[in-house]
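J.: One structure, as structure tokens, below. Some questions next.
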Amino acid sequence: MITFDSVSLRYSGGKAALENISFSLETGSFTFLTGHSGAGKSSLLRLIARLERPTSGRIDVGGIDYSRLKPRRELALRRQMGVIFQDNQLLNDRNLFDNVALPLIIGGYGYNDIVTRVSAALHRVGLEHAADMQPETLSGGEQQRAGIARALVARPRLLLADEPTGNLDAAMSEDIMQLLLQFHRSGVTVLFATHDTELLARHRFAQLKLAGGRSVSPRGLSDTSLAQHQIPRRSESHV
Amino acid sequence: MSEPRAGHRNASPHTALTRAIGSRMSYTQRGYAWRRTLARLRTRPFASGLTLLVLGIVLAMPVLLSFLAGALDELRGNEDQGATLTAYLSLDVADLDGASLATQLAARPGIQSTRYVSRDEALATFRAESDLGDALDVLGSNPLPGAIVIAPERATAGRQRMQALATEIEQISDIERVRYDLQWVERLRAVVAVARVAAALLAGFLTLTALLVVGNTIRLELLDRRSEREVSHLLGASRSFMNRPFVYTGLLYGLLGGLIATGLAIAAFSLLKRPADELAGLYGAQMGLSWPPKALIGLIPATGALLGLVGALSTLYGPSRQRIYADA
Ligand SMILES: Nc1ncnc2c1ncn2[C@@H]1O[C@H](COP(=O)(O)OP(=O)(O)O)[C@@H](O)[C@H]1O
Ligand SMILES: [Mg+2]
């Protein structure tokens with residue numbers, strides 16, 4: 001699904017954020033992207049989302065060679081992936097329903113389709129009852145779940161999560177993790193950036209480790225089948 | 001987890017959904033852009049209102065000026081009919097000779113009609129129109145000469161020809177001096193010319209000002225709505241999708257500003273009409289300020305909308321546009 005071949009990224013005027021990164025992720029896999037703050041996790045996700053271009057190296061996602069991507073296709077590609085951030089980036093000038101509907105409006109979906117999909121997405125993250133609320137009136141965990149609903153409402157095949165539990169306590173983090181696992185089980189490929197050691201200890205998926213912009217995973221991580229996960233008990237408390 | 005929440009736990013999911021969903025229109029791409037535009041306008045009514053007022057004034061000024069210049073010009077149009085030559089006769093010319101000279105002159109080419117004003121008539125008029133009438137009695141005799149008022153043919157009208165006609169008539173031996181009352185017309189002509197240039201210049205400056213006002217408003221909006229643009233970009237929105245609400249904002253500001261300008265122009269025009277008509281009366285013109293045609297008035301909001309559109313587009317796509325992303 002995702003292949004990086006000797007990819008480097010240097011921001012203009014800065015030192016290299018990523019250096020000579022190579023890895024490959026299978027379709028349908030669940031992978032943690034780990035490393036300390038500043039290791040290059042966000043940069044790597046931004047490369048996949050085509051928000052940055054590599055300084056050198058080759059990126060291939062879903063069989064599409066990024067170096068040959070036309071600008072028009074770039075937008076379509078971005079619409080085919082879901083992205084979640086630590087700061088959920090919900091828009092406070094509209095209610096939850098309209099926040100989750102945004103990707104569908106951008107995608108040009110019809111009204112009935114939008115109503116059906118947004119309702120279903122809100123239902124799946126357990127926020128149907130809050131559809132008419134403004135995001136800022138929700139708890140952190142609820143906001144993050146709304147972010148997940150927005151990322152997944154267009155039914156992408158790939159989900160990029162950039163420290164989505166970074167601002168949450170352990171129980172809520174687990175709650176989010178369970179939600180992502182649910183989507184993973186329904187076939188979505190997930191790349192989950194985090195440095196939450198508790199979470200990593202509980203869920204033993206493959207890890208792509210970064211340190212100072214370099215890959216420090218054993219053997220560059222090409223085999224994701226090493227992910228041996230025990231599904232943890234659902235945490236008792238939730239948002 | 002104990003954050004205050006507005007008791008939505010009790011709300012039934014279904015009613016929450018029903019309440020949350022906007023109109024069918026607002027989920028189309030264009031409908032979405034309009035909805036965002038109007039929502040923004042509503043959330044900051046004071047700032048928006050102020051901007052609109054500034055735009056309205058800026059758009060109303062050149063409109064008023066050009067109307068006024070046009071009205072002055074119309075005044076000037078009447079000048080030539082009103083303009084006459086007055087030939088003053090020597091004091092010793094008898095009434096009979098004066099009258100026959102007037103008849104002779106009337107037959108000349110380039111002259112439409114003449115009227116002889118006798119010395120007595122001149123005195124009577126002077127007494128009637130001036131407080132100095134009694135002073136004349138002290139003199140004992142009538143100091144006023146007879147005169148012939150000459151109305152030139154229309155074709156003779158105009159500064160050059162009037163001048164030529166005056167010189168020609170002045171050659172006649174009984175005629176002492178010819179005066180023609182064109183100075184005020186000349187002055188008015190000059191004033192109108194200056195007013196026209198000033199109106200054009202001002203219209204140019206104010207148009208530029210309108211563009212800058214709209215451009216600046218859009219720039220502030222862009223900064224204010226940065227997160228919306230970032231999120232949309234992330235979700236795969238095209239540049240035109242992200243820019244559309246701002247284009248609509250410019251269009252709306254221009255249109256509303258133009259409507260305000262129309263109101264201001266009409267109000268100012270009504271206020272000016274009476275004094276202007278009086279002024280016209282003083283200059284002997286029948287016509288005063290006439291209302292500009294309706295089509296012209298309808299053009300103001302349209303022009304405003306166009307300026308708003310251009311202001312927005314040049315901000316969004318022009319050389320000074322803010323690049324939120326390298327590729328956007
Ligand atoms: N837009 C940017 N411009 C310049 N340098 C950046 C930018 N974004 C990130 N960096 C730098 O790149 C490195 C990796 O950052 P990042 O990818 O955000 O790491 P992480 O997400 O793991 O914390 C850091 O040294 C950071 O300072
Ligand atoms: Mg980061």
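Labeling convention for the structure tokens: chains A, B, ... as they appear, residues from 1 per chain, ligands from 1 in order of appearance.
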Do you know which residues are at most 6 Å from Phe32 (chain A) counting only C-alpha atoms, after dropping those on the same chain fewer than 4 positions away, and could you put them as a list of chain:residue names?

T.: A:Leu191, A:Phe192, A:Ala193, A:Gln207

J.: Could I get the residue neighbourhood of ligand 2 at 12 Å, counting only C-alpha atoms and all ligand atoms, as number ranges by chain?

T.: A: 17, 33-46, 84-87, 161-166, 192-195, 210, 213

J.: Taking only C-alpha atoms into account, report as number ranges by chain which residues of chain A lie within 8 Å of chain B.

T.: A: 49, 51, 74-79, 82-83, 89, 91, 95-98, 102-103, 105-111, 114-115, 119, 128-133, 137-141, 239

J.: Take the residues from that selection and write them out as a short mmCIF file (atom, residue, chain, number, x, y, z; two decimals), in the first residue's frame, keeping N, CA and C atoms.

T.:
```cif
data_model
loop_
_atom_site.label_atom_id
_atom_site.label_comp_id
_atom_site.auth_asym_id
_atom_site.auth_seq_id
_atom_site.Cartn_x
_atom_site.Cartn_y
_atom_site.Cartn_z
N ALA A 49 0.46 12.31 2.76
CA ALA A 49 -0.73 13.08 2.41
C ALA A 49 -0.44 14.08 1.30
N LEU A 51 1.28 16.71 1.43
CA LEU A 51 1.29 18.10 1.88
C LEU A 51 2.72 18.63 1.80
N GLU A 74 -3.80 14.84 -7.29
CA GLU A 74 -3.32 15.03 -5.93
C GLU A 74 -4.48 15.29 -4.97
N LEU A 75 -5.42 16.13 -5.42
CA LEU A 75 -6.57 16.44 -4.57
C LEU A 75 -7.44 15.20 -4.38
N ALA A 76 -7.64 14.48 -5.47
CA ALA A 76 -8.46 13.27 -5.41
C ALA A 76 -7.81 12.26 -4.45
N LEU A 77 -6.49 12.17 -4.55
CA LEU A 77 -5.75 11.25 -3.68
C LEU A 77 -5.94 11.61 -2.21
N ARG A 78 -5.87 12.90 -1.93
CA ARG A 78 -6.02 13.34 -0.55
C ARG A 78 -7.43 13.03 -0.04
N ARG A 79 -8.39 13.09 -0.95
CA ARG A 79 -9.76 12.78 -0.55
C ARG A 79 -9.93 11.30 -0.25
N GLY A 82 -7.88 9.37 5.06
CA GLY A 82 -8.38 10.09 6.22
C GLY A 82 -7.20 10.53 7.07
N VAL A 83 -7.27 11.73 7.60
CA VAL A 83 -6.18 12.22 8.44
C VAL A 83 -6.75 12.73 9.77
N GLN A 89 -8.56 19.85 15.04
CA GLN A 89 -8.83 20.72 13.91
C GLN A 89 -10.29 20.73 13.47
N LEU A 91 -13.79 22.68 13.17
CA LEU A 91 -14.06 24.10 12.94
C LEU A 91 -15.15 24.57 13.89
N ASN A 95 -21.61 23.29 13.58
CA ASN A 95 -21.87 22.17 14.48
C ASN A 95 -21.14 20.91 14.02
N LEU A 96 -21.28 19.87 14.82
CA LEU A 96 -20.55 18.64 14.58
C LEU A 96 -20.93 18.01 13.24
N PHE A 97 -22.23 18.03 12.95
CA PHE A 97 -22.70 17.43 11.70
C PHE A 97 -21.99 18.08 10.52
N ASP A 98 -21.97 19.40 10.52
CA ASP A 98 -21.36 20.11 9.39
C ASP A 98 -19.85 19.93 9.34
N LEU A 102 -18.00 18.07 5.95
CA LEU A 102 -17.10 18.84 5.07
C LEU A 102 -16.39 18.01 3.99
N PRO A 103 -15.80 16.86 4.34
CA PRO A 103 -15.13 16.09 3.28
C PRO A 103 -16.09 15.68 2.16
N ILE A 105 -18.85 17.37 1.22
CA ILE A 105 -19.16 18.56 0.42
C ILE A 105 -18.03 18.80 -0.57
N ILE A 106 -16.80 18.71 -0.05
CA ILE A 106 -15.63 18.89 -0.92
C ILE A 106 -15.63 17.83 -2.02
N GLY A 107 -16.02 16.61 -1.66
CA GLY A 107 -16.04 15.53 -2.64
C GLY A 107 -17.23 15.60 -3.59
N GLY A 108 -18.13 16.56 -3.37
CA GLY A 108 -19.25 16.74 -4.28
C GLY A 108 -20.36 15.70 -4.12
N TYR A 109 -20.50 15.14 -2.93
CA TYR A 109 -21.55 14.15 -2.69
C TYR A 109 -22.93 14.81 -2.70
N GLY A 110 -23.96 14.04 -3.00
CA GLY A 110 -25.32 14.55 -3.00
C GLY A 110 -25.88 14.64 -1.58
N TYR A 111 -26.95 15.38 -1.46
CA TYR A 111 -27.53 15.67 -0.13
C TYR A 111 -27.89 14.40 0.64
N ILE A 114 -24.95 12.55 1.81
CA ILE A 114 -24.28 13.26 2.91
C ILE A 114 -25.00 12.98 4.24
N VAL A 115 -26.32 13.11 4.23
CA VAL A 115 -27.09 12.89 5.46
C VAL A 115 -26.87 11.47 5.97
N SER A 119 -24.58 10.76 9.36
CA SER A 119 -25.31 10.16 10.48
C SER A 119 -24.65 8.85 10.90
N GLU A 128 -23.87 10.62 17.79
CA GLU A 128 -25.09 10.97 17.07
C GLU A 128 -25.91 12.01 17.84
N HIS A 129 -25.95 11.80 19.17
CA HIS A 129 -26.75 12.68 20.02
C HIS A 129 -26.20 14.10 20.09
N ALA A 130 -24.93 14.28 19.65
CA ALA A 130 -24.30 15.60 19.77
C ALA A 130 -24.17 16.28 18.41
N ALA A 131 -24.91 15.76 17.43
CA ALA A 131 -24.77 16.26 16.06
C ALA A 131 -24.93 17.77 15.94
N ASP A 132 -25.79 18.33 16.78
CA ASP A 132 -26.06 19.76 16.64
C ASP A 132 -25.24 20.62 17.59
N MET A 133 -24.24 19.99 18.26
CA MET A 133 -23.41 20.76 19.20
C MET A 133 -22.25 21.43 18.47
N THR A 137 -17.84 22.83 22.66
CA THR A 137 -18.59 22.48 23.86
C THR A 137 -18.42 21.01 24.23
N LEU A 138 -17.63 20.28 23.42
CA LEU A 138 -17.43 18.85 23.69
C LEU A 138 -16.14 18.62 24.47
N SER A 139 -16.03 17.46 25.11
CA SER A 139 -14.80 17.11 25.81
C SER A 139 -13.72 16.77 24.80
N GLY A 140 -12.47 16.73 25.26
CA GLY A 140 -11.35 16.41 24.38
C GLY A 140 -11.53 15.10 23.65
N GLY A 141 -11.98 14.08 24.40
CA GLY A 141 -12.16 12.76 23.81
C GLY A 141 -13.25 12.77 22.75
N VAL A 239 -15.42 8.46 27.66
CA VAL A 239 -15.84 9.86 27.67
C VAL A 239 -17.33 10.03 27.85
#
```

J.: Could you pull out the strand (DSSP E or B) residues of region 54-239 of chain A from DSSP and send them as a PyMOL selection string?

T.: chain A and resi 56-61+64-65+81-85+158-162+189-193+206-211+214-215

J.: Can those selected residues be exported to a file as a compact mmCIF listing (two decimals), in the first residue's frame so that it contains C-alpha atoms?

T.:
```txt
# COMPACT_ATOMS: atom_id res chain seq x y z
CA SER A 56 14.78 13.00 -2.82
CA GLY A 57 13.59 9.42 -2.99
CA ARG A 58 10.46 7.75 -4.26
CA ILE A 59 7.04 7.44 -2.65
CA ASP A 60 4.37 5.09 -3.88
CA VAL A 61 0.91 4.89 -2.33
CA ILE A 64 0.56 5.62 -7.52
CA ASP A 65 4.04 7.01 -8.00
CA MET A 81 -7.23 9.16 2.75
CA GLY A 82 -8.38 10.09 6.22
CA VAL A 83 -6.18 12.22 8.44
CA ILE A 84 -6.50 12.78 12.20
CA PHE A 85 -4.42 15.18 14.26
CA LEU A 158 -6.00 4.67 4.37
CA LEU A 159 -6.05 6.43 7.72
CA LEU A 160 -3.18 8.59 8.92
CA ALA A 161 -3.35 9.45 12.60
CA ASP A 162 -0.88 11.97 13.99
CA THR A 189 -4.95 0.56 6.50
CA VAL A 190 -3.86 2.54 9.54
CA LEU A 191 -0.61 4.40 10.17
CA PHE A 192 -0.70 5.70 13.72
CA ALA A 193 1.98 8.13 14.89
CA ALA A 206 4.41 -3.41 13.97
CA GLN A 207 6.37 -0.26 14.70
CA LEU A 208 8.14 2.05 12.33
CA LYS A 209 10.63 3.78 14.59
CA LEU A 210 12.16 7.14 13.81
CA ALA A 211 14.98 8.92 15.61
CA ARG A 214 16.32 8.28 10.49
CA SER A 215 14.62 4.94 10.54
```

J.: Need to verify the contact set: region 316-320 of chain B, 12 Å, only C-alpha atoms, exclusion of same-chain residues closer than 2 positions in sequence. Can you return it as a ChimeraX atom specification?

T.: /B:214-222,239-240,242-250,309-314,322-324,328

J.: What would the file look like if the residues just selected were written as a compact mmCIF listing (two decimals), in the first residue's frame with N, CA and C atoms?

T.:
```txt
# COMPACT_ATOMS: atom_id res chain seq x y z
N VAL B 214 -12.09 46.40 -0.32
CA VAL B 214 -12.54 45.01 -0.48
C VAL B 214 -11.35 44.06 -0.33
N GLY B 215 -10.23 44.42 -0.97
CA GLY B 215 -9.04 43.57 -0.90
C GLY B 215 -8.59 43.38 0.54
N ASN B 216 -8.60 44.47 1.28
CA ASN B 216 -8.15 44.39 2.67
C ASN B 216 -9.11 43.55 3.51
N THR B 217 -10.41 43.74 3.26
CA THR B 217 -11.40 42.93 3.98
C THR B 217 -11.18 41.45 3.71
N ILE B 218 -10.94 41.12 2.45
CA ILE B 218 -10.71 39.73 2.09
C ILE B 218 -9.43 39.21 2.75
N ARG B 219 -8.40 40.06 2.77
CA ARG B 219 -7.14 39.64 3.38
C ARG B 219 -7.34 39.30 4.86
N LEU B 220 -8.09 40.15 5.56
CA LEU B 220 -8.36 39.90 6.98
C LEU B 220 -9.18 38.62 7.15
N GLU B 221 -10.16 38.45 6.27
CA GLU B 221 -10.99 37.24 6.32
C GLU B 221 -10.12 36.00 6.14
N LEU B 222 -9.18 36.09 5.19
CA LEU B 222 -8.30 34.95 4.92
C LEU B 222 -7.53 34.57 6.17
N ARG B 239 -8.33 24.72 -4.93
CA ARG B 239 -8.15 26.14 -4.62
C ARG B 239 -9.43 26.90 -4.84
N SER B 240 -10.15 26.55 -5.92
CA SER B 240 -11.37 27.32 -6.19
C SER B 240 -12.43 27.04 -5.11
N MET B 242 -11.75 26.46 -1.96
CA MET B 242 -11.34 27.21 -0.77
C MET B 242 -11.55 28.71 -0.96
N ASN B 243 -11.38 29.18 -2.19
CA ASN B 243 -11.48 30.62 -2.44
C ASN B 243 -12.91 31.10 -2.63
N ARG B 244 -13.80 30.16 -2.96
CA ARG B 244 -15.16 30.57 -3.34
C ARG B 244 -15.86 31.44 -2.28
N PRO B 245 -15.82 31.07 -0.99
CA PRO B 245 -16.50 31.93 -0.01
C PRO B 245 -15.96 33.37 -0.03
N PHE B 246 -14.67 33.51 -0.34
CA PHE B 246 -14.07 34.84 -0.32
C PHE B 246 -14.46 35.63 -1.57
N VAL B 247 -14.59 34.92 -2.67
CA VAL B 247 -15.08 35.57 -3.89
C VAL B 247 -16.50 36.08 -3.65
N TYR B 248 -17.31 35.22 -3.04
CA TYR B 248 -18.70 35.61 -2.75
C TYR B 248 -18.73 36.78 -1.77
N THR B 249 -17.82 36.76 -0.80
CA THR B 249 -17.76 37.86 0.17
C THR B 249 -17.50 39.18 -0.55
N GLY B 250 -16.52 39.17 -1.46
CA GLY B 250 -16.21 40.38 -2.22
C GLY B 250 -17.41 40.85 -3.03
N LEU B 309 -16.00 42.04 -6.82
CA LEU B 309 -15.52 40.80 -7.44
C LEU B 309 -14.05 40.94 -7.84
N VAL B 310 -13.75 42.06 -8.51
CA VAL B 310 -12.37 42.29 -8.95
C VAL B 310 -11.44 42.40 -7.75
N GLY B 311 -11.90 43.13 -6.71
CA GLY B 311 -11.08 43.27 -5.51
C GLY B 311 -10.77 41.92 -4.88
N ALA B 312 -11.80 41.07 -4.79
CA ALA B 312 -11.61 39.74 -4.19
C ALA B 312 -10.69 38.88 -5.05
N LEU B 313 -10.95 38.85 -6.34
CA LEU B 313 -10.17 37.99 -7.23
C LEU B 313 -8.70 38.41 -7.26
N SER B 314 -8.47 39.75 -7.27
CA SER B 314 -7.08 40.19 -7.34
C SER B 314 -6.35 39.87 -6.04
N GLN B 322 -1.74 35.54 -0.50
CA GLN B 322 -1.02 34.84 0.55
C GLN B 322 -1.01 33.36 0.23
N ARG B 323 0.17 32.80 0.26
CA ARG B 323 0.26 31.38 0.00
C ARG B 323 0.21 30.65 1.33
N ILE B 324 -0.87 29.93 1.54
CA ILE B 324 -0.96 29.17 2.77
C ILE B 324 -0.14 27.90 2.61
N ALA B 328 -0.81 25.80 -3.02
CA ALA B 328 -2.19 26.29 -3.05
C ALA B 328 -2.24 27.79 -3.29
```

J.: Between A:Asp5, A:Asp169, A:Glu19, A:Asp113, which residue has the minimum interatomic distance to ligand 1, considering only C-alpha atoms and all ligand atoms?

T.: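 For ligand 1, the nearest of the candidates is A:Glu19.
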
J.: For ligand 1, which of A:Gly14, A:Ser6, A:Glu136, A:Asn167 is the closest residue, counting only C-alpha atoms and all ligand atoms?

T.: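 Of the candidates, the smallest distance to ligand 1 is held by A:Gly14.
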
J.: May I have the residues within 9 Å of region 296-304 of chain B as a PyMOL selection string, using only C-alpha atoms and disregarding those fewer than 5 positions away in the same chain?

T.: chain B and resi 55-56+59-60+63+210+251+253-262+265-266+309

J.: Store the residues picked out above in a file with C-alpha atoms, as a compact mmCIF listing (two decimals), in the first residue's frame.

T.:
```
# COMPACT_ATOMS: atom_id res chain seq x y z
CA LEU B 55 -17.66 51.28 0.55
CA GLY B 56 -21.02 53.01 0.10
CA LEU B 59 -18.85 54.56 -4.38
CA ALA B 60 -21.37 57.39 -3.92
CA VAL B 63 -21.48 59.09 -8.82
CA ALA B 210 -13.02 50.59 -3.15
CA LEU B 251 -19.21 40.20 -4.53
CA TYR B 253 -19.70 43.56 -0.12
CA GLY B 254 -19.56 45.27 -3.50
CA LEU B 255 -23.24 44.77 -4.16
CA LEU B 256 -24.38 45.92 -0.71
CA GLY B 257 -21.89 48.80 -0.78
CA GLY B 258 -23.32 49.76 -4.16
CA LEU B 259 -26.87 49.71 -2.79
CA ILE B 260 -25.80 51.93 0.10
CA ALA B 261 -24.08 54.22 -2.40
CA THR B 262 -27.30 54.39 -4.40
CA ALA B 265 -26.52 59.40 -3.92
CA ILE B 266 -30.32 59.68 -4.08
CA LEU B 309 -15.52 40.80 -7.44
```

J.: To one decimal place, how far is CA of Thr103 (chain B) from CA of Ile148 (chain B) in Å?

T.: 9.7 Å

J.: With only C-alpha atoms and all ligand atoms as the basis for distance, which of A:Leu200, A:Ala170, A:Leu18, A:Met1 is at the shortest distance from ligand 1?

T.: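 The answer is A:Leu18, which sits nearest to ligand 1.
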
J.: For CA of Ala149 (chain A) and CA of Gln134 (chain A), quote the distance in Å rounded to one decimal.

T.: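 If I compute the distance from CA of Ala149 (chain A) to CA of Gln134 (chain A), I get 15.0 Å.
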
J.: May I ask which of the residues A:Gly212, A:Leu180, A:Val153, A:Gly147 is the closest one to ligand 1, counting only C-alpha atoms and all ligand atoms?

T.: A:Gly212

J.: When you draw a straight line from CA of Gln112 (chain B) to CA of Ile150 (chain B), how long is it in Å?

T.: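 Computing it gives 7.7 Å between the two atoms.
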
J.: Show which residues sit within 12 Å of Leu101 (chain B), as a compact mmCIF listing (two decimals) with all heavy atoms, in the first residue's frame. Count only C-alpha atoms, and ignore same-chain residues fewer than 6 positions away.

T.:
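Done, and the output landed in result.txt:
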```txt
# COMPACT_ATOMS: atom_id res chain seq x y z
N ALA B 87 -25.45 96.63 -27.72
CA ALA B 87 -24.71 97.71 -28.38
C ALA B 87 -25.19 99.04 -27.79
O ALA B 87 -26.37 99.39 -27.91
CB ALA B 87 -24.95 97.67 -29.88
N TYR B 88 -24.28 99.74 -27.14
CA TYR B 88 -24.64 101.05 -26.55
C TYR B 88 -24.41 102.15 -27.58
O TYR B 88 -23.34 102.21 -28.21
CB TYR B 88 -23.82 101.30 -25.30
CG TYR B 88 -24.14 100.29 -24.21
CD1 TYR B 88 -23.35 99.16 -24.01
CD2 TYR B 88 -25.27 100.47 -23.40
CE1 TYR B 88 -23.66 98.23 -23.05
CE2 TYR B 88 -25.59 99.53 -22.43
CZ TYR B 88 -24.78 98.42 -22.26
OH TYR B 88 -25.10 97.50 -21.31
N LEU B 89 -25.44 102.99 -27.73
CA LEU B 89 -25.36 104.05 -28.74
C LEU B 89 -24.73 105.30 -28.13
O LEU B 89 -24.65 105.43 -26.90
CB LEU B 89 -26.76 104.37 -29.25
CG LEU B 89 -27.53 103.15 -29.76
CD1 LEU B 89 -28.95 103.55 -30.18
CD2 LEU B 89 -26.80 102.50 -30.92
N VAL B 93 -27.60 110.10 -30.17
CA VAL B 93 -28.44 109.42 -31.17
C VAL B 93 -29.91 109.53 -30.75
O VAL B 93 -30.26 109.17 -29.62
CB VAL B 93 -28.05 107.94 -31.32
CG1 VAL B 93 -28.99 107.22 -32.30
CG2 VAL B 93 -26.61 107.82 -31.81
N ALA B 94 -30.72 109.98 -31.63
CA ALA B 94 -32.14 110.15 -31.32
C ALA B 94 -32.85 108.81 -31.29
O ALA B 94 -32.39 107.85 -31.91
CB ALA B 94 -32.81 111.05 -32.37
N ASP B 95 -33.95 108.77 -30.57
CA ASP B 95 -34.72 107.53 -30.44
C ASP B 95 -35.08 106.95 -31.81
O ASP B 95 -34.96 105.74 -32.04
CB ASP B 95 -36.02 107.79 -29.67
CG ASP B 95 -35.76 107.68 -28.17
OD1 ASP B 95 -34.63 107.27 -27.79
OD2 ASP B 95 -36.66 107.99 -27.39
N ALA B 107 -31.81 92.79 -39.80
CA ALA B 107 -31.82 92.22 -41.14
C ALA B 107 -30.46 91.59 -41.49
O ALA B 107 -30.34 90.87 -42.48
CB ALA B 107 -32.19 93.30 -42.16
N ARG B 108 -29.44 91.88 -40.67
CA ARG B 108 -28.11 91.37 -41.01
C ARG B 108 -28.03 89.86 -40.81
O ARG B 108 -28.68 89.30 -39.94
CB ARG B 108 -27.07 92.03 -40.10
CG ARG B 108 -26.75 93.46 -40.47
CD ARG B 108 -25.82 94.00 -39.43
NE ARG B 108 -24.45 93.72 -39.82
CZ ARG B 108 -23.54 94.70 -40.02
NH1 ARG B 108 -23.86 95.94 -39.84
NH2 ARG B 108 -22.32 94.42 -40.38
N THR B 114 -33.56 91.94 -32.84
CA THR B 114 -32.99 93.04 -32.06
C THR B 114 -34.12 93.75 -31.34
O THR B 114 -35.29 93.62 -31.70
CB THR B 114 -32.28 94.07 -32.96
OG1 THR B 114 -33.26 94.56 -33.90
CG2 THR B 114 -31.12 93.45 -33.70
N ARG B 115 -33.73 94.45 -30.28
CA ARG B 115 -34.74 95.24 -29.60
C ARG B 115 -34.08 96.55 -29.20
O ARG B 115 -32.96 96.57 -28.66
CB ARG B 115 -35.23 94.49 -28.36
CG ARG B 115 -36.45 95.13 -27.69
CD ARG B 115 -36.98 94.20 -26.59
NE ARG B 115 -36.12 94.16 -25.43
CZ ARG B 115 -36.11 95.11 -24.48
NH1 ARG B 115 -36.90 96.15 -24.56
NH2 ARG B 115 -35.30 94.99 -23.44
N TYR B 116 -34.73 97.64 -29.48
CA TYR B 116 -34.17 98.94 -29.15
C TYR B 116 -34.61 99.32 -27.74
O TYR B 116 -35.79 99.22 -27.40
CB TYR B 116 -34.63 100.00 -30.16
CG TYR B 116 -34.16 101.39 -29.79
CD1 TYR B 116 -32.79 101.69 -29.79
CD2 TYR B 116 -35.06 102.37 -29.45
CE1 TYR B 116 -32.35 102.95 -29.44
CE2 TYR B 116 -34.63 103.64 -29.10
CZ TYR B 116 -33.26 103.93 -29.09
OH TYR B 116 -32.83 105.18 -28.73
N VAL B 117 -33.66 99.72 -26.93
CA VAL B 117 -33.99 100.22 -25.59
C VAL B 117 -33.67 101.71 -25.57
O VAL B 117 -32.49 102.11 -25.70
CB VAL B 117 -33.16 99.50 -24.51
CG1 VAL B 117 -33.51 100.01 -23.12
CG2 VAL B 117 -33.37 98.00 -24.59
N GLY B 146 -28.95 105.14 -25.09
CA GLY B 146 -29.85 104.15 -25.67
C GLY B 146 -29.05 102.91 -26.02
O GLY B 146 -27.83 102.95 -26.09
N ALA B 147 -29.75 101.81 -26.21
CA ALA B 147 -29.02 100.58 -26.50
C ALA B 147 -29.83 99.67 -27.43
O ALA B 147 -31.06 99.79 -27.50
CB ALA B 147 -28.72 99.85 -25.20
N ILE B 148 -29.13 98.81 -28.13
CA ILE B 148 -29.81 97.80 -28.93
C ILE B 148 -29.39 96.44 -28.41
O ILE B 148 -28.19 96.12 -28.35
CB ILE B 148 -29.43 97.91 -30.42
CG1 ILE B 148 -29.83 99.30 -30.95
CG2 ILE B 148 -30.12 96.82 -31.24
CD1 ILE B 148 -29.31 99.56 -32.34
N VAL B 149 -30.38 95.66 -27.95
CA VAL B 149 -30.08 94.30 -27.49
C VAL B 149 -30.19 93.36 -28.69
O VAL B 149 -31.22 93.31 -29.35
CB VAL B 149 -31.05 93.86 -26.38
CG1 VAL B 149 -30.73 92.45 -25.92
CG2 VAL B 149 -30.96 94.83 -25.20
N ILE B 150 -29.11 92.68 -28.99
CA ILE B 150 -29.04 91.86 -30.20
C ILE B 150 -29.00 90.37 -29.82
O ILE B 150 -28.10 89.94 -29.09
CB ILE B 150 -27.78 92.19 -31.01
CG1 ILE B 150 -27.80 93.67 -31.39
CG2 ILE B 150 -27.67 91.30 -32.25
CD1 ILE B 150 -26.44 94.19 -31.83
N ILE B 169 -20.06 95.02 -35.40
CA ILE B 169 -21.09 96.00 -35.06
C ILE B 169 -20.48 97.27 -34.48
O ILE B 169 -20.96 98.36 -34.69
CB ILE B 169 -22.11 95.37 -34.08
CG1 ILE B 169 -22.90 94.28 -34.81
CG2 ILE B 169 -23.08 96.43 -33.53
CD1 ILE B 169 -23.75 93.44 -33.91
N ILE B 172 -19.93 100.38 -36.65
CA ILE B 172 -21.01 101.29 -37.00
C ILE B 172 -20.86 102.58 -36.20
O ILE B 172 -20.63 102.53 -34.98
CB ILE B 172 -22.38 100.61 -36.73
CG1 ILE B 172 -22.51 99.36 -37.59
CG2 ILE B 172 -23.53 101.59 -37.00
CD1 ILE B 172 -23.65 98.46 -37.22
N SER B 173 -21.00 103.70 -36.90
CA SER B 173 -20.59 104.99 -36.30
C SER B 173 -21.41 105.39 -35.08
O SER B 173 -20.88 105.93 -34.12
CB SER B 173 -20.65 106.10 -37.35
OG SER B 173 -21.99 106.16 -37.84
N ASP B 174 -22.71 105.12 -35.09
CA ASP B 174 -23.55 105.54 -33.97
C ASP B 174 -23.33 104.68 -32.72
O ASP B 174 -23.80 105.02 -31.64
CB ASP B 174 -25.04 105.47 -34.37
CG ASP B 174 -25.43 106.67 -35.21
OD1 ASP B 174 -24.62 107.64 -35.25
OD2 ASP B 174 -26.51 106.64 -35.80
N ILE B 175 -22.66 103.58 -32.93
CA ILE B 175 -22.49 102.64 -31.80
C ILE B 175 -21.19 102.93 -31.08
O ILE B 175 -20.12 102.96 -31.66
CB ILE B 175 -22.57 101.18 -32.28
CG1 ILE B 175 -24.01 100.90 -32.72
CG2 ILE B 175 -22.15 100.22 -31.18
CD1 ILE B 175 -24.24 99.54 -33.29
```
